[in-house]
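K.L.:
Structure below; questions to follow.
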Amino acid sequence: MRFFKLLLLFIFISGCATMTYIELDDRYGFSNPIHRSNVTTITPQQSELFHNQVRPILENRCIVCHGCYDAPCQLKMESIAGIERGANKTVVYDGARLQAIPVTNIQGNPKTIDQWRNEEFYPVLNERQQSPQANLASSLMYQMLQLKRNNPLPDEVILSKAFDVSLNRQQECPTIDEFKHYQENNPLGGMPYALPNLPDDEYQQLTLWLAEGAKMPAPTAPSATELVMVEKWETFLNGDSKKEQLVGRYLYEHLYLANLYFDASQQSFFNIVRSKTPPTQAVQIITTRRPFEDPNVERVYYRLQKKQATVLAKRHMPYRFDLAKLTRYKALFFSPDYTVEKLPGYKLKYASNPFITFQALPLESRYRFLLDEAQFSIMNFIKGPVCRGQIALNVIEDQFWVAFENPENIDMFGINKFLVEHSKLLQFPAATSSSVLSILDWREYASRQKEYVAAKKAFIESLDLRAGNIDLDLIWSGENNPNAALTIFRHFDSASVVKGFVGKPPKSAWVIGYPLLERIHYLLVAGFDVYGDVAHQLKTRLYMDFLRMEGESAFLMLLPQKVRKETHDLWYRETSSDVNDYNFLANFADLPDSGIEYQTDQPQAELYQLLKEHTATTHNNSHQLTSSINDYKFKRLENLTGESVSLLPEVSFVVVNDSNTSQVFTLLRNSAHSNVAHLFAEKKRRLQAEDTLTVARGAIGTYPKAFFNISQQEVAEFIVAIENMKTKDDYFNLKSRYAVRRTNTDFWTFSDKLHQQLNNDQGIEFGLLDYNRLENK
């Protein structure tokens with residue numbers, strides 16, 4: 001029966017495909033728009049069809065480009081709400097805009113279709129008179145698919161300049177009324193853009209679905225088991241005492257981006273939201289630009305909502321929220337003896353400063369909460385508010401290791417008292433208005449930073465530290481927690497953080513304590529506005545310089561006093577004198593010598609090894625190469641530096657196929673710079689001769705630029721080919737032999753197998769990759 005319906009449909013389509021939208025508009029009375037929700041009902045059979053046949057196509061062919069904030073034309077297709085909302089011509093990532101734009105994030109933004117239309121979002125589905133012919137003629141989605149169908153990719157290995165796949169390409173965002181003009185001027189602009197056409201059966205399935213009204217089911221309700229957990233958590237988060245309310249607020253402001261899960265086997269996620277209503281009533285979401293802004297209600301309630309969107313790797317931050325975690329929170333925040341006399345308000349100047357807002361909560365409890373899931377805590381600024389983070393991310397090296405200060409030292413050293421006395425010095429850019437003139441606030445931040453550095457130096461000197469005090473006891477060993485050792489990779493405008501010290505020893509490292517970890521969150525996550533103006537973005541980037549220097553200087557303190565300056569100078573080559581005015585090392589280099597007994601004239605390398613051993617219980621990680629045959633072969637590539645490495649893209653996935661299994665490796669180009677202390681002219685600071693390569697097991701990175709698909713027998717020659725690369729032609733030849741380019745006719749087959757492999761390997765951490773960065777080389 002279904003085949004018969006498809007046959008009739010395509011006979012019908014073939015007879016009307018050349019009719020223009022204007023002709024159909026006059027004939028079918030499209031001048032009276034009606035909402036799809038008023039004309040579509042869905043049967044259980046249609047709901048099952050959507051979930052089992054339509055949704056997989058949308059996920060694996062559409063969402064891999066139309067997800068995250070930088071989805072072309074803001075068409076975010078990872079949720080039904082996003083598809084219904086449609087597209088918008090405004091570019092979210094605009095580093096030059098002089099005024100902030102309205103928040104258009106879907107999560108936690110319960111606007112109606114009318115409200116989205118008033119904000120210039122236009123439909124990609126037919127919202128007018130419903131009939132199979134009208135549903136196709138008035139569907140921008142169908143028109144884009146058909147345009148690609150009629151104009152497939154040219155038979156060429158490298159796409160011509162007719163295709164713009166550059167990161168900052170100009171967007172073409174036609175409405176259905178503008179589509180005729182668009183197709184005349186962009187015959188190769190159909191969807192999927194600059195990728196192979198959909199397989200016939202998938203195109204037919206989507207066409208049938210669109211012709212029948214593109215019916216989509218209602219949100220999936222939580223299961224009975226999930227509702228039990230929701231009730232337990234909402235009861236905990238919404239206690240009536242001041243202490244309970246303050247704890248609930250602290251947890252919300254740190255977990256609002258998390259994909260919470262109760263059981264890894266259920267593959268179901270929840271988000272925590274602020275609501276006007278208590279747990280006994282339906283959720284009424286409070287929408288604000290930032291999580292700490294005034295909710296304008298007498299009492300805020302923290303509620304859990306089941307996530308309805310497809311999981312995207314770029315935005316996926318899974319966070320275990322089971323009964324063991326609930327017990328842990330109770331122990332952290334309610335076992336210590338303290339009181340909360342008064343709840344803090346929401347005045348922006350203070351609400352944006354966690355050292356003021358949450359001053360009543362025990363400092364060690366806050367720090368241990370962040371350390372328990374340190375990868376998640378760091379991941380927030382990498383996967384949270386940004387999908388294009390060049391401005392925020394060119395402040396960090398391409399590869400560095402992170403260790404953490406020992407939480408047991410907080411009470412011993414009186415850190416809480418120090419933070420209370422100097423909390424006003426730690427004000428963030430989010431505390432000021434979002435206007436161009438507010439860039440002048442930067443001078444005030446710089447002045448406060450100098451004062452904070454001076455106060456911290458005086459504080460450390462007051463501790464009367466001796467050389468024996470500055471040793472590995474200052475570093476958190478992890479206590480069997482794998483979050484104690486992290487590696488961060490920058491991929492130009494995106495980044496990744498993984499557990500363990502991955503790759504060869506990096507150029508630099510950070511040691512992070514509570515004040516720094518909290519400042520990173522409130523600067524780059526809770527306080528960052530992706531829809532903000534250029535002033536906000538610049539202030540955030542400049543402020544982050546302080547935090548990087550603080551983390552690096554804490555690491556340098558563990559080195560012998562005599563090498564601290566020369567090591568720092570290597571990291572900050574070609575910097576202006578102004579940079580040193582704000583760094584910690586200039587003030588701390590003369591503090592007591594390290595108590596670590598170094599044995600060689602390479603103390604930094606020794607320190608890296610000591611940190612590995614110190615966090616030995618945490619260092620067994622899934623990304624580190626092992627002694628297996630394939631790993632041993634790939635490990636050779638980590639000795640490469642310079643031109644061979646610089647020819648590779650930032651992130652490449654290599655799939656090695658055996659007769660029965662496949663294994664995924666990631667090649668990560670670590671681009672070297674003379675320094676990362678300046679905002680502009682990054683190309684001038686590039687040191688390609690010092691580029692290095694990290695080879696990791698599994699997938700690291702959510703925006704792959706190149707795919708390689710090789711057999712077990714080809715591993716050795718593939719490695720030799722990379723080692724021998726000298727020119728761009730060599731890289732072209734490497735890809736011609738081993739790559740799956742975006743023009744490859746088997747691209748979608750490879751993509752499906754890769755996603756299935758990653759799903760099997762990653763489990764609860766799996767999310768769909770984003771193909772917006774795939775290169776055309």
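Ligands are numbered from 1 in the order shown, residues from 1 within each chain, and chains are lettered A, B, ... in the order they appear in the structure tokens.
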With DSSP run on the backbone, what are the strand (DSSP E or B) residues within region 501-737 of chain A? I'd like them as number ranges by chain.

P.N.:
A: 508-512, 641, 651-657, 662-670, 673, 686, 692-697, 706-711

K.L.:
Write the residues you've just listed into a file as a CSV table (one decimal), in the first residue's frame, and include N, CA, C and O atoms for each of them.

P.N.:
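Okay, this is what ended up in selection-v8.csv:
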chain,number,residue,atom,x,y,z
A,508,SER,N,52.5,24.2,27.4
A,508,SER,CA,52.2,24.8,28.7
A,508,SER,C,51.1,24.0,29.4
A,508,SER,O,50.5,23.0,28.8
A,509,ALA,N,50.8,24.3,30.7
A,509,ALA,CA,49.8,23.7,31.5
A,509,ALA,C,49.2,24.7,32.4
A,509,ALA,O,49.8,25.7,32.7
A,510,TRP,N,48.0,24.3,33.0
A,510,TRP,CA,47.4,25.1,34.0
A,510,TRP,C,47.2,24.3,35.3
A,510,TRP,O,47.0,23.1,35.2
A,511,VAL,N,47.2,25.0,36.4
A,511,VAL,CA,46.8,24.5,37.7
A,511,VAL,C,45.6,25.4,38.1
A,511,VAL,O,45.8,26.6,38.2
A,512,ILE,N,44.5,24.8,38.3
A,512,ILE,CA,43.2,25.5,38.5
A,512,ILE,C,42.8,25.3,40.0
A,512,ILE,O,42.7,24.2,40.4
A,641,THR,N,56.7,17.1,13.5
A,641,THR,CA,56.5,18.5,13.8
A,641,THR,C,56.7,19.3,12.5
A,641,THR,O,57.2,18.7,11.5
A,651,VAL,N,41.2,18.9,12.8
A,651,VAL,CA,40.6,17.7,13.3
A,651,VAL,C,40.4,16.7,12.1
A,651,VAL,O,39.7,17.1,11.2
A,652,SER,N,41.0,15.5,12.2
A,652,SER,CA,40.7,14.5,11.2
A,652,SER,C,40.4,13.2,11.9
A,652,SER,O,41.0,12.8,12.9
A,653,PHE,N,39.4,12.5,11.4
A,653,PHE,CA,39.0,11.2,11.9
A,653,PHE,C,39.5,10.1,10.9
A,653,PHE,O,39.4,10.3,9.7
A,654,VAL,N,40.2,9.1,11.5
A,654,VAL,CA,40.7,8.0,10.7
A,654,VAL,C,40.0,6.7,11.1
A,654,VAL,O,40.1,6.4,12.3
A,655,VAL,N,39.3,6.1,10.2
A,655,VAL,CA,38.6,4.8,10.5
A,655,VAL,C,39.5,3.7,9.9
A,655,VAL,O,39.7,3.7,8.7
A,656,VAL,N,39.9,2.8,10.8
A,656,VAL,CA,40.7,1.7,10.4
A,656,VAL,C,39.8,0.4,10.4
A,656,VAL,O,39.2,0.1,11.4
A,657,ASN,N,39.7,-0.2,9.2
A,657,ASN,CA,38.7,-1.3,9.1
A,657,ASN,C,39.4,-2.7,9.0
A,657,ASN,O,40.4,-2.9,8.2
A,662,SER,N,35.9,-2.1,13.2
A,662,SER,CA,36.5,-0.9,12.8
A,662,SER,C,36.9,-0.1,14.1
A,662,SER,O,36.4,-0.3,15.2
A,663,GLN,N,38.0,0.7,13.9
A,663,GLN,CA,38.5,1.5,15.0
A,663,GLN,C,38.7,2.9,14.6
A,663,GLN,O,39.2,3.1,13.5
A,664,VAL,N,38.3,3.8,15.4
A,664,VAL,CA,38.4,5.3,15.1
A,664,VAL,C,39.6,5.9,15.8
A,664,VAL,O,39.8,5.7,17.0
A,665,PHE,N,40.4,6.6,15.1
A,665,PHE,CA,41.5,7.5,15.6
A,665,PHE,C,41.2,8.9,15.2
A,665,PHE,O,40.6,9.2,14.2
A,666,THR,N,41.8,9.8,16.0
A,666,THR,CA,41.7,11.2,15.7
A,666,THR,C,43.1,11.8,15.6
A,666,THR,O,44.0,11.6,16.4
A,667,LEU,N,43.3,12.6,14.5
A,667,LEU,CA,44.5,13.3,14.3
A,667,LEU,C,44.2,14.8,14.6
A,667,LEU,O,43.4,15.4,14.0
A,668,LEU,N,44.9,15.3,15.6
A,668,LEU,CA,44.7,16.7,16.1
A,668,LEU,C,45.9,17.5,15.8
A,668,LEU,O,47.0,17.3,16.4
A,669,ARG,N,45.8,18.5,15.0
A,669,ARG,CA,46.9,19.4,14.7
A,669,ARG,C,47.0,20.5,15.8
A,669,ARG,O,46.0,21.2,16.0
A,670,ASN,N,48.1,20.5,16.5
A,670,ASN,CA,48.3,21.5,17.5
A,670,ASN,C,49.0,22.7,16.9
A,670,ASN,O,50.3,22.6,16.8
A,673,HIS,N,51.9,29.0,18.3
A,673,HIS,CA,51.9,30.4,18.2
A,673,HIS,C,53.0,31.0,19.1
A,673,HIS,O,53.4,30.4,20.1
A,686,ARG,N,51.6,32.8,14.1
A,686,ARG,CA,51.7,31.4,13.9
A,686,ARG,C,53.1,30.9,13.7
A,686,ARG,O,53.9,31.6,13.0
A,692,THR,N,52.7,20.6,16.2
A,692,THR,CA,52.8,19.2,16.7
A,692,THR,C,51.5,18.4,16.4
A,692,THR,O,50.5,19.1,16.0
A,693,LEU,N,51.5,17.1,16.5
A,693,LEU,CA,50.4,16.3,16.2
A,693,LEU,C,50.1,15.4,17.3
A,693,LEU,O,51.0,14.7,17.9
A,694,THR,N,48.8,15.4,17.8
A,694,THR,CA,48.4,14.4,18.8
A,694,THR,C,47.5,13.4,18.1
A,694,THR,O,46.6,13.7,17.3
A,695,VAL,N,47.8,12.1,18.3
A,695,VAL,CA,47.0,11.0,17.8
A,695,VAL,C,46.3,10.4,19.0
A,695,VAL,O,46.9,10.0,20.0
A,696,ALA,N,45.0,10.3,18.9
A,696,ALA,CA,44.2,9.8,20.0
A,696,ALA,C,43.3,8.6,19.6
A,696,ALA,O,42.8,8.6,18.4
A,697,ARG,N,43.1,7.7,20.5
A,697,ARG,CA,42.1,6.7,20.2
A,697,ARG,C,40.7,7.3,20.3
A,697,ARG,O,40.4,8.2,21.1
A,706,ALA,N,38.2,16.5,8.1
A,706,ALA,CA,38.5,15.5,7.1
A,706,ALA,C,38.3,14.1,7.6
A,706,ALA,O,38.4,13.8,8.8
A,707,PHE,N,37.9,13.2,6.7
A,707,PHE,CA,37.7,11.8,7.1
A,707,PHE,C,38.6,10.9,6.2
A,707,PHE,O,38.8,11.1,5.0
A,708,PHE,N,39.2,10.0,6.9
A,708,PHE,CA,40.1,9.0,6.2
A,708,PHE,C,39.5,7.6,6.5
A,708,PHE,O,39.2,7.3,7.7
A,709,ASN,N,39.4,6.8,5.5
A,709,ASN,CA,38.9,5.4,5.6
A,709,ASN,C,39.8,4.4,5.1
A,709,ASN,O,40.0,4.4,3.8
A,710,ILE,N,40.5,3.7,5.9
A,710,ILE,CA,41.6,2.8,5.4
A,710,ILE,C,41.4,1.4,6.0
A,710,ILE,O,40.7,1.2,7.0
A,711,SER,N,42.1,0.5,5.3
A,711,SER,CA,42.0,-0.9,5.8
A,711,SER,C,43.2,-1.2,6.8
A,711,SER,O,44.1,-0.4,6.9

K.L.:
Can you tell me, as a PyMOL selection string, what residues are no more than 7 Å from region 483-497 of chain A when counting only C-alpha atoms, ignoring any on the same chain fewer than 6 positions away?

P.N.:
chain A and resi 373-375+379+382+387-390+393+397-404+476-477+615+618-619+650-651+700-701

K.L.:
So that I can see what lies close to Leu734 (chain A), please list as a list of chain:residue names the residues with an atom at most 12 Å from it, counting only C-alpha atoms and leaving out residues fewer than 5 positions away in the same chain.

P.N.:
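Listed by chain and then number, they are A:Ser644, A:Leu647, A:Leu648, A:Ala706, A:Phe707, A:Phe708, A:Asn709, A:Ile710, A:Glu717, A:Phe718, A:Ile719, A:Val720, A:Ala721, A:Ile722, A:Glu723, A:Asn724, A:Met725, A:Lys726, A:Thr727, A:Lys728, A:Asp729, A:Ala739, A:Val740, A:Arg741, A:Lys777.
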
K.L.:
Could the residues in this selection be written to a file with N, CA, C and O atoms, as a short mmCIF file (atom, residue, chain, number, x, y, z; two decimals), in the first residue's frame?

P.N.:
data_model
loop_
_atom_site.label_atom_id
_atom_site.label_comp_id
_atom_site.auth_asym_id
_atom_site.auth_seq_id
_atom_site.Cartn_x
_atom_site.Cartn_y
_atom_site.Cartn_z
N SER A 644 54.85 18.98 7.74
CA SER A 644 53.97 17.83 7.52
C SER A 644 52.70 17.96 8.34
O SER A 644 51.59 17.67 7.88
N LEU A 647 50.14 20.89 7.25
CA LEU A 647 49.31 20.60 6.08
C LEU A 647 48.00 19.92 6.45
O LEU A 647 47.04 19.95 5.68
N LEU A 648 47.97 19.30 7.61
CA LEU A 648 46.76 18.61 8.05
C LEU A 648 45.77 19.61 8.64
O LEU A 648 46.16 20.65 9.17
N ALA A 706 38.18 16.48 8.09
CA ALA A 706 38.55 15.48 7.08
C ALA A 706 38.27 14.09 7.63
O ALA A 706 38.41 13.84 8.83
N PHE A 707 37.88 13.19 6.73
CA PHE A 707 37.66 11.79 7.06
C PHE A 707 38.63 10.93 6.22
O PHE A 707 38.77 11.14 5.01
N PHE A 708 39.25 9.97 6.88
CA PHE A 708 40.06 8.97 6.18
C PHE A 708 39.51 7.60 6.51
O PHE A 708 39.18 7.31 7.67
N ASN A 709 39.43 6.76 5.50
CA ASN A 709 38.86 5.42 5.65
C ASN A 709 39.84 4.42 5.05
O ASN A 709 40.01 4.35 3.83
N ILE A 710 40.54 3.67 5.92
CA ILE A 710 41.61 2.80 5.44
C ILE A 710 41.42 1.39 6.00
O ILE A 710 40.74 1.18 7.01
N GLU A 717 51.36 2.27 5.32
CA GLU A 717 51.63 3.16 4.19
C GLU A 717 50.92 4.50 4.36
O GLU A 717 51.41 5.55 3.89
N PHE A 718 49.78 4.51 5.02
CA PHE A 718 49.08 5.76 5.32
C PHE A 718 49.94 6.65 6.22
O PHE A 718 50.08 7.86 5.98
N ILE A 719 50.56 6.05 7.22
CA ILE A 719 51.41 6.80 8.13
C ILE A 719 52.64 7.34 7.41
O ILE A 719 53.03 8.50 7.58
N VAL A 720 53.24 6.52 6.57
CA VAL A 720 54.41 6.96 5.81
C VAL A 720 54.05 8.12 4.88
O VAL A 720 54.81 9.08 4.73
N ALA A 721 52.86 8.04 4.28
CA ALA A 721 52.43 9.10 3.37
C ALA A 721 52.30 10.43 4.11
O ALA A 721 52.67 11.49 3.57
N ILE A 722 51.81 10.41 5.33
CA ILE A 722 51.70 11.64 6.12
C ILE A 722 53.10 12.15 6.49
O ILE A 722 53.39 13.35 6.40
N GLU A 723 53.97 11.24 6.89
CA GLU A 723 55.33 11.63 7.27
C GLU A 723 56.08 12.29 6.11
O GLU A 723 56.91 13.19 6.32
N ASN A 724 55.76 11.88 4.89
CA ASN A 724 56.49 12.37 3.73
C ASN A 724 55.87 13.61 3.09
O ASN A 724 56.39 14.12 2.09
N MET A 725 54.79 14.09 3.63
CA MET A 725 54.14 15.27 3.04
C MET A 725 55.03 16.51 3.16
O MET A 725 55.58 16.79 4.23
N LYS A 726 55.12 17.24 2.07
CA LYS A 726 55.90 18.49 2.05
C LYS A 726 55.09 19.65 1.46
O LYS A 726 55.37 20.81 1.77
N THR A 727 54.13 19.34 0.60
CA THR A 727 53.41 20.39 -0.12
C THR A 727 51.90 20.13 -0.06
O THR A 727 51.45 19.05 0.33
N LYS A 728 51.15 21.13 -0.51
CA LYS A 728 49.70 20.98 -0.59
C LYS A 728 49.31 19.88 -1.58
O LYS A 728 48.30 19.20 -1.39
N ASP A 729 50.14 19.70 -2.62
CA ASP A 729 49.87 18.62 -3.57
C ASP A 729 50.01 17.26 -2.89
O ASP A 729 49.25 16.33 -3.19
N ALA A 739 41.02 9.36 1.59
CA ALA A 739 39.97 10.16 2.23
C ALA A 739 38.58 9.86 1.68
O ALA A 739 38.41 9.37 0.56
N VAL A 740 37.60 10.18 2.50
CA VAL A 740 36.20 10.23 2.06
C VAL A 740 35.86 11.72 2.01
O VAL A 740 35.51 12.32 3.03
N ARG A 741 36.00 12.30 0.84
CA ARG A 741 35.73 13.72 0.69
C ARG A 741 34.22 13.99 0.71
O ARG A 741 33.41 13.08 0.54
N LYS A 777 39.08 20.04 -0.04
CA LYS A 777 40.47 19.91 -0.49
C LYS A 777 40.72 18.51 -1.01
O LYS A 777 40.05 17.58 -0.62
#

K.L.:
List as a tab-separated table (two decimals) with all heavy atoms, in the first residue's frame the protein and nucleic acid residues near Ala309 (chain A), meaning an atom at most 9 Å away when only C-alpha atoms are counted, but skip any in the same chain fewer than 6 places from it.

P.N.:
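Saved result, part_29.tsv, follows:
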chain	number	residue	atom	x	y	z
A	77	MET	N	17.24	22.18	13.29
A	77	MET	CA	16.32	21.08	13.01
A	77	MET	C	16.43	19.93	14.00
A	77	MET	O	15.84	18.88	13.78
A	77	MET	CB	16.55	20.58	11.59
A	77	MET	CG	16.35	21.65	10.52
A	77	MET	SD	16.58	21.06	8.83
A	77	MET	CE	15.15	19.99	8.66
A	78	GLU	N	17.18	20.13	15.10
A	78	GLU	CA	17.34	19.02	16.03
A	78	GLU	C	16.11	18.77	16.88
A	78	GLU	O	16.05	17.79	17.63
A	78	GLU	CB	18.56	19.25	16.93
A	78	GLU	CG	18.37	20.29	18.02
A	78	GLU	CD	18.80	21.66	17.60
A	78	GLU	OE1	18.71	21.96	16.39
A	78	GLU	OE2	19.23	22.44	18.47
A	79	SER	N	15.12	19.66	16.79
A	79	SER	CA	13.88	19.46	17.54
A	79	SER	C	12.69	19.80	16.66
A	79	SER	O	12.80	20.56	15.68
A	79	SER	CB	13.87	20.34	18.79
A	79	SER	OG	13.78	21.71	18.43
A	80	ILE	N	11.55	19.25	17.02
A	80	ILE	CA	10.32	19.58	16.30
A	80	ILE	C	10.04	21.07	16.42
A	80	ILE	O	9.61	21.72	15.47
A	80	ILE	CB	9.16	18.73	16.86
A	80	ILE	CG1	9.36	17.26	16.48
A	80	ILE	CG2	7.81	19.24	16.37
A	80	ILE	CD1	8.38	16.31	17.12
A	81	ALA	N	10.27	21.62	17.61
A	81	ALA	CA	10.05	23.05	17.81
A	81	ALA	C	10.92	23.88	16.86
A	81	ALA	O	10.47	24.91	16.34
A	81	ALA	CB	10.35	23.42	19.26
A	82	GLY	N	12.16	23.44	16.62
A	82	GLY	CA	13.04	24.16	15.72
A	82	GLY	C	12.58	24.10	14.28
A	82	GLY	O	12.66	25.09	13.54

K.L.:
In Å to one decimal, how far is CA of Tyr350 (chain A) from CA of Phe333 (chain A)?

P.N.:
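Pair CA of Phe333 (chain A) / CA of Tyr350 (chain A) returns 21.9 Å.
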
K.L.:
Which residues are near Tyr445 (chain A)? Cut-off 8 Å, only C-alpha atoms, ignore same chain within fewer than 4 positions. Put them as a list in words.

P.N.:
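The residues satisfying every condition are Gln427, Phe428, Asp441, Gln449 and Tyr543 of chain A.
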
K.L.:
Between A:Asn621, A:Thr339, A:Gln171, A:Ser223, which one has atoms that come closest to Leu246 (chain A), using only C-alpha atoms?

P.N.:
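Of the candidates, the smallest distance to Leu246 (chain A) is held by A:Thr339.
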
K.L.:
Record the distance separating CA of Lys307 (chain A) and CA of Gln74 (chain A), expressed in Å with one decimal.

P.N.:
19.7 Å

K.L.:
Tell me which protein, DNA and RNA residues are within 12 Å of Leu426 (chain A), counting only C-alpha atoms, leaving out same-chain ones fewer than 5 positions away, and put them as a tab-separated table (two decimals) with N, CA, C and O atoms, in the first residue's frame.

P.N.:
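Output below, filename selection.tsv:
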chain	number	residue	atom	x	y	z
A	349	LYS	N	24.90	43.61	39.15
A	349	LYS	CA	26.26	43.83	39.61
A	349	LYS	C	26.71	42.76	40.59
A	349	LYS	O	27.88	42.36	40.61
A	350	TYR	N	25.75	42.28	41.41
A	350	TYR	CA	26.09	41.28	42.42
A	350	TYR	C	25.72	39.86	41.97
A	350	TYR	O	26.44	38.91	42.26
A	352	SER	N	25.92	38.56	39.11
A	352	SER	CA	26.91	38.03	38.17
A	352	SER	C	28.21	37.63	38.86
A	352	SER	O	29.10	37.07	38.22
A	353	ASN	N	28.32	37.90	40.16
A	353	ASN	CA	29.53	37.61	40.92
A	353	ASN	C	29.25	36.49	41.93
A	353	ASN	O	28.67	36.74	42.98
A	354	PRO	N	29.67	35.26	41.64
A	354	PRO	CA	29.34	34.14	42.52
A	354	PRO	C	30.00	34.24	43.89
A	354	PRO	O	29.52	33.64	44.85
A	355	PHE	N	31.09	34.99	43.99
A	355	PHE	CA	31.78	35.12	45.27
A	355	PHE	C	30.99	35.99	46.24
A	355	PHE	O	31.19	35.91	47.45
A	356	ILE	N	30.07	36.78	45.69
A	356	ILE	CA	29.16	37.56	46.53
A	356	ILE	C	27.84	36.82	46.71
A	356	ILE	O	27.36	36.64	47.82
A	418	PHE	N	40.01	35.13	52.39
A	418	PHE	CA	40.61	35.98	51.38
A	418	PHE	C	39.58	36.37	50.31
A	418	PHE	O	39.49	37.53	49.91
A	419	LEU	N	38.79	35.38	49.83
A	419	LEU	CA	37.81	35.67	48.79
A	419	LEU	C	36.70	36.59	49.29
A	419	LEU	O	36.23	37.46	48.55
A	420	VAL	N	36.27	36.40	50.53
A	420	VAL	CA	35.24	37.27	51.09
A	420	VAL	C	35.73	38.71	51.11
A	420	VAL	O	35.01	39.65	50.76
A	421	GLU	N	36.98	38.90	51.51
A	421	GLU	CA	37.52	40.25	51.64
A	421	GLU	C	37.76	40.91	50.28
A	421	GLU	O	37.75	42.14	50.18
A	431	ALA	N	28.44	42.14	34.44
A	431	ALA	CA	27.89	43.06	35.43
A	431	ALA	C	27.63	44.43	34.85
A	431	ALA	O	26.99	45.27	35.49
A	444	GLU	N	38.70	49.51	34.06
A	444	GLU	CA	38.35	49.23	35.45
A	444	GLU	C	38.66	47.78	35.79
A	444	GLU	O	39.18	47.48	36.87
A	445	TYR	N	38.38	46.84	34.86
A	445	TYR	CA	38.71	45.42	35.10
A	445	TYR	C	40.22	45.26	35.27
A	445	TYR	O	40.69	44.52	36.15
A	446	ALA	N	40.98	45.92	34.41
A	446	ALA	CA	42.44	45.81	34.48
A	446	ALA	C	42.96	46.33	35.80
A	446	ALA	O	43.85	45.74	36.42
A	447	SER	N	42.41	47.45	36.25
A	447	SER	CA	42.83	48.02	37.52
A	447	SER	C	42.51	47.08	38.67
A	447	SER	O	43.33	46.87	39.57
A	448	ARG	N	41.33	46.49	38.62
A	448	ARG	CA	40.94	45.55	39.67
A	448	ARG	C	41.82	44.30	39.63
A	448	ARG	O	42.14	43.72	40.67
A	449	GLN	N	42.20	43.89	38.43
A	449	GLN	CA	43.05	42.72	38.32
A	449	GLN	C	44.40	42.96	38.97
A	449	GLN	O	44.93	42.12	39.69
A	450	LYS	N	44.95	44.13	38.72
A	450	LYS	CA	46.24	44.46	39.35
A	450	LYS	C	46.10	44.44	40.87
A	450	LYS	O	46.98	43.94	41.58
A	451	GLU	N	45.02	45.00	41.35
A	451	GLU	CA	44.81	45.04	42.79
A	451	GLU	C	44.62	43.63	43.35
A	451	GLU	O	45.13	43.31	44.43
A	452	TYR	N	43.92	42.78	42.59
A	452	TYR	CA	43.71	41.39	43.02
A	452	TYR	C	45.04	40.63	43.05
A	452	TYR	O	45.33	39.87	43.99
A	453	VAL	N	45.88	40.83	42.02
A	453	VAL	CA	47.18	40.16	41.98
A	453	VAL	C	48.04	40.58	43.17
A	453	VAL	O	48.67	39.75	43.84
A	455	ALA	N	46.97	41.72	46.02
A	455	ALA	CA	46.39	41.17	47.25
A	455	ALA	C	46.71	39.68	47.39
A	455	ALA	O	46.99	39.19	48.50
A	515	PRO	N	38.84	29.64	42.96
A	515	PRO	CA	38.53	30.97	42.42
A	515	PRO	C	38.61	31.03	40.90
A	515	PRO	O	37.78	31.65	40.25
A	516	LEU	N	39.61	30.37	40.33
A	516	LEU	CA	39.78	30.39	38.88
A	516	LEU	C	38.68	29.58	38.19
A	516	LEU	O	38.12	30.01	37.18
A	518	GLU	N	35.67	28.91	39.19
A	518	GLU	CA	34.40	29.62	39.28
A	518	GLU	C	34.38	30.83	38.35
A	518	GLU	O	33.37	31.13	37.69
A	519	ARG	N	35.50	31.52	38.24
A	519	ARG	CA	35.57	32.68	37.35
A	519	ARG	C	35.44	32.27	35.89
A	519	ARG	O	34.81	32.97	35.09
A	520	ILE	N	36.02	31.14	35.51
A	520	ILE	CA	35.87	30.66	34.14
A	520	ILE	C	34.40	30.44	33.82
A	520	ILE	O	33.91	30.81	32.75
A	522	TYR	N	31.65	31.79	35.27
A	522	TYR	CA	30.82	33.00	35.22
A	522	TYR	C	31.27	33.99	34.16
A	522	TYR	O	30.52	34.89	33.79
A	523	LEU	N	32.46	33.83	33.64
A	523	LEU	CA	32.90	34.66	32.53
A	523	LEU	C	32.44	34.09	31.19
A	523	LEU	O	31.84	34.79	30.37
A	543	TYR	N	39.29	39.74	29.29
A	543	TYR	CA	39.25	39.30	30.68
A	543	TYR	C	39.82	37.89	30.81
A	543	TYR	O	40.48	37.55	31.79
A	546	PHE	N	43.44	37.25	31.77
A	546	PHE	CA	43.79	37.20	33.19
A	546	PHE	C	43.72	35.77	33.71
A	546	PHE	O	44.58	35.31	34.45
A	547	LEU	N	42.66	35.08	33.32
A	547	LEU	CA	42.43	33.74	33.86
A	547	LEU	C	43.45	32.75	33.33
A	547	LEU	O	43.91	31.87	34.07

K.L.:
Can you tell me which residues surround Asn60 (chain A) at a distance of at most 12 Å, considering only C-alpha atoms, apart from same-chain residues fewer than 2 positions away, and format the answer as a PyMOL selection string?

P.N.:
chain A and resi 53-58+62-67+77-78+192+198-199+202+310-312+747-756+767-771
